[in-house]
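Peer 1: Sending over a structure as structure tokens; questions will come in a sec.
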Amino acid sequence: MGDLIPLILGFVFFLLIVVTLAKGIRIIPQSEVMLIERFGNYLRTLEPGLNFTIPYVDSPREMAWQKDGEPGMFNRIDMREIVLDVPQQSCITKDNVGLHIDAVLYCQVVDPAKAAYEVANLPRAVGQLAQTTLRSLVGEMDLDDTLASREKINGRLKQVLDDATEKWGTKVTRVEISSIQPPVEVQAAMEKQMQAERERRASVLAAEGDKQSRIARSEGERQEKINQAEGEKAALIAHAEGDATAIQKRVEAEQVAIQKIAQAFDGDTHMAAQFMIAQRYIEAYQRFAQGEGDKVFLPFEASNAMASFGSLADLFKKSEG
């Protein structure tokens with residue numbers, strides 16, 4: 001029995017050495033760091049990989065953070081960007097309308113020492129700051145601006161949070177308003193307003209379409225009348241030119257006929273003219289008495305024209321002699 005005691009003490013001593021050495025070895029995964037304190041004071045930050053510390057003297061510092069979506073106290077700090085859910089907030093707009101707003105923010109620890117020692121509970125502090133800032137921003141805007149300016153709210157909220165969390169060694173990379181819920185009665189009023197706006201736009205579009213249609217029809221009718229007038233004008237001009245050409249042709253033909261007749265009367269143009277006048281009278285009397293039983297009443301002035309028949313007979317006798 002006496003020989004076993006040294007063996008047991010040696011085994012215990014050996015086991016104590018192994019445990020001590022094991023406590024001095026720190027293996028840090030990628031994207032994580034560990035804060036080391038010596039006798040309660042911050043000493044250094046262990047980077048990813050194999051690290052050595054002094055057992056029983058150096059100890060890791062625990063910090064309130066979030067890992068794999070679960071909040072808690074961890075002695076290894078995740079340096080990756082994480083998502084913090086901002087609880088639903090009841091905000092009042094500038095025009096006294098209550099809203100329920102949900103938001104999420106993305107943040108990342110950039111200085112682990114500040115994140116652990118400058119604030120007691122970093123996730124809670126960031127969340128509370130986001131809530132108060134969100135209520136303050138919404139209180140400066142009316143309902144319509146709040147509903148239509150999510151990007152503006154996101155940008156201002158990110159700027160305020162990023163400036164405030166800089167001393168906590170944390171960077172807010174992005175803020176998103178996930179939902180904005182107005183009261184039920186306000187939603188009903190907004191739906192009625194949207195319906196009225198759609199009806200107004202439809203009426204405006206219908207009126208504009210009718211206006212354009214009337215303008216198009218009037219322009220078409222105007223152009224049609226212009227084209228018709230131009231066609232009638234061109235027809236009248238063509239008809240007048242045709243009559244002028246016909247008259248010119250008749251005059252030229254009569255000139256030729258007078259010349260021929262004058263040659264028959266030995267160049268006496270006066271006799272040729274009388275012949276033509278007498279011929280016209282005969283043609284006119286023939287048209288007067290074309291039908292059977294037609295009676296022709298001649299005015300007194302027509303007796304002067306009867307002399308033309310005698311003149312015409314004299315002309316024929318003269319031409320035969």
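Each chain of the structure tokens is named A, B, ... in the order shown, its residues numbered from 1; ligands are numbered from 1 in display order.
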Tell me, which residues of segment 79-177 of chain A carry DSSP strand (DSSP E), written as a count of residues only?
Peer 2: 31
Peer 1: Tell me which protein, DNA and RNA residues are within 6 Å of His100 of chain A, counting only C-alpha atoms, leaving out same-chain ones fewer than 2 positions away, and put them as a PyMOL selection string.
Peer 2: chain A and resi 89-90+180-181
Peer 1: Could you give me, as a tab-separated table, a per-residue list for segment 83-159 of chain A showing, wherever an atom lies at most 12 Å from an atom of segment 34-46 of chain A, the closest pair of atoms and their distance in Å to one decimal, using only C-alpha atoms and sorting by chain then residue number from low to high?
Peer 2:
```
residue	atom	partner	partner_atom	distance
A:Asp111	CA	A:Thr45	CA	9.9
A:Pro112	CA	A:Leu35	CA	7.5
A:Ala113	CA	A:Leu35	CA	7.1
A:Lys114	CA	A:Leu35	CA	10.7
A:Ala115	CA	A:Leu35	CA	10.6
A:Ala116	CA	A:Leu35	CA	8.5
A:Tyr117	CA	A:Tyr42	CA	9.1
```
Peer 1: Write out, as a CSV table (one decimal), in the first residue's frame, the residues just selected, with C-alpha atoms.
Peer 2:
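Everything below was put into result-v6.csv:
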```csv
chain,number,residue,atom,x,y,z
A,111,ASP,CA,-13.3,46.8,-32.0
A,112,PRO,CA,-13.9,43.9,-29.5
A,113,ALA,CA,-12.4,45.6,-26.6
A,114,LYS,CA,-14.6,48.6,-26.8
A,115,ALA,CA,-17.6,46.4,-27.5
A,116,ALA,CA,-17.0,44.5,-24.2
A,117,TYR,CA,-15.8,47.3,-21.9
```
Peer 1: How many Å lie between atom CA of Ala216 of chain A and atom CA of Gln228 of chain A, rounded to one decimal?
Peer 2: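 Going from atom CA of Ala216 of chain A over to atom CA of Gln228 of chain A, I get 18.0 Å.
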Peer 1: Show me, as a list in words, the residues that have an atom within 9 Å of Val83 of chain A when counting only C-alpha atoms, minus same-chain residues fewer than 6 positions from it.
Peer 2: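 My reading of the contact set: Gln66, Gly69, Val104, Leu105, Tyr106, Cys107 and Gln108 of chain A.
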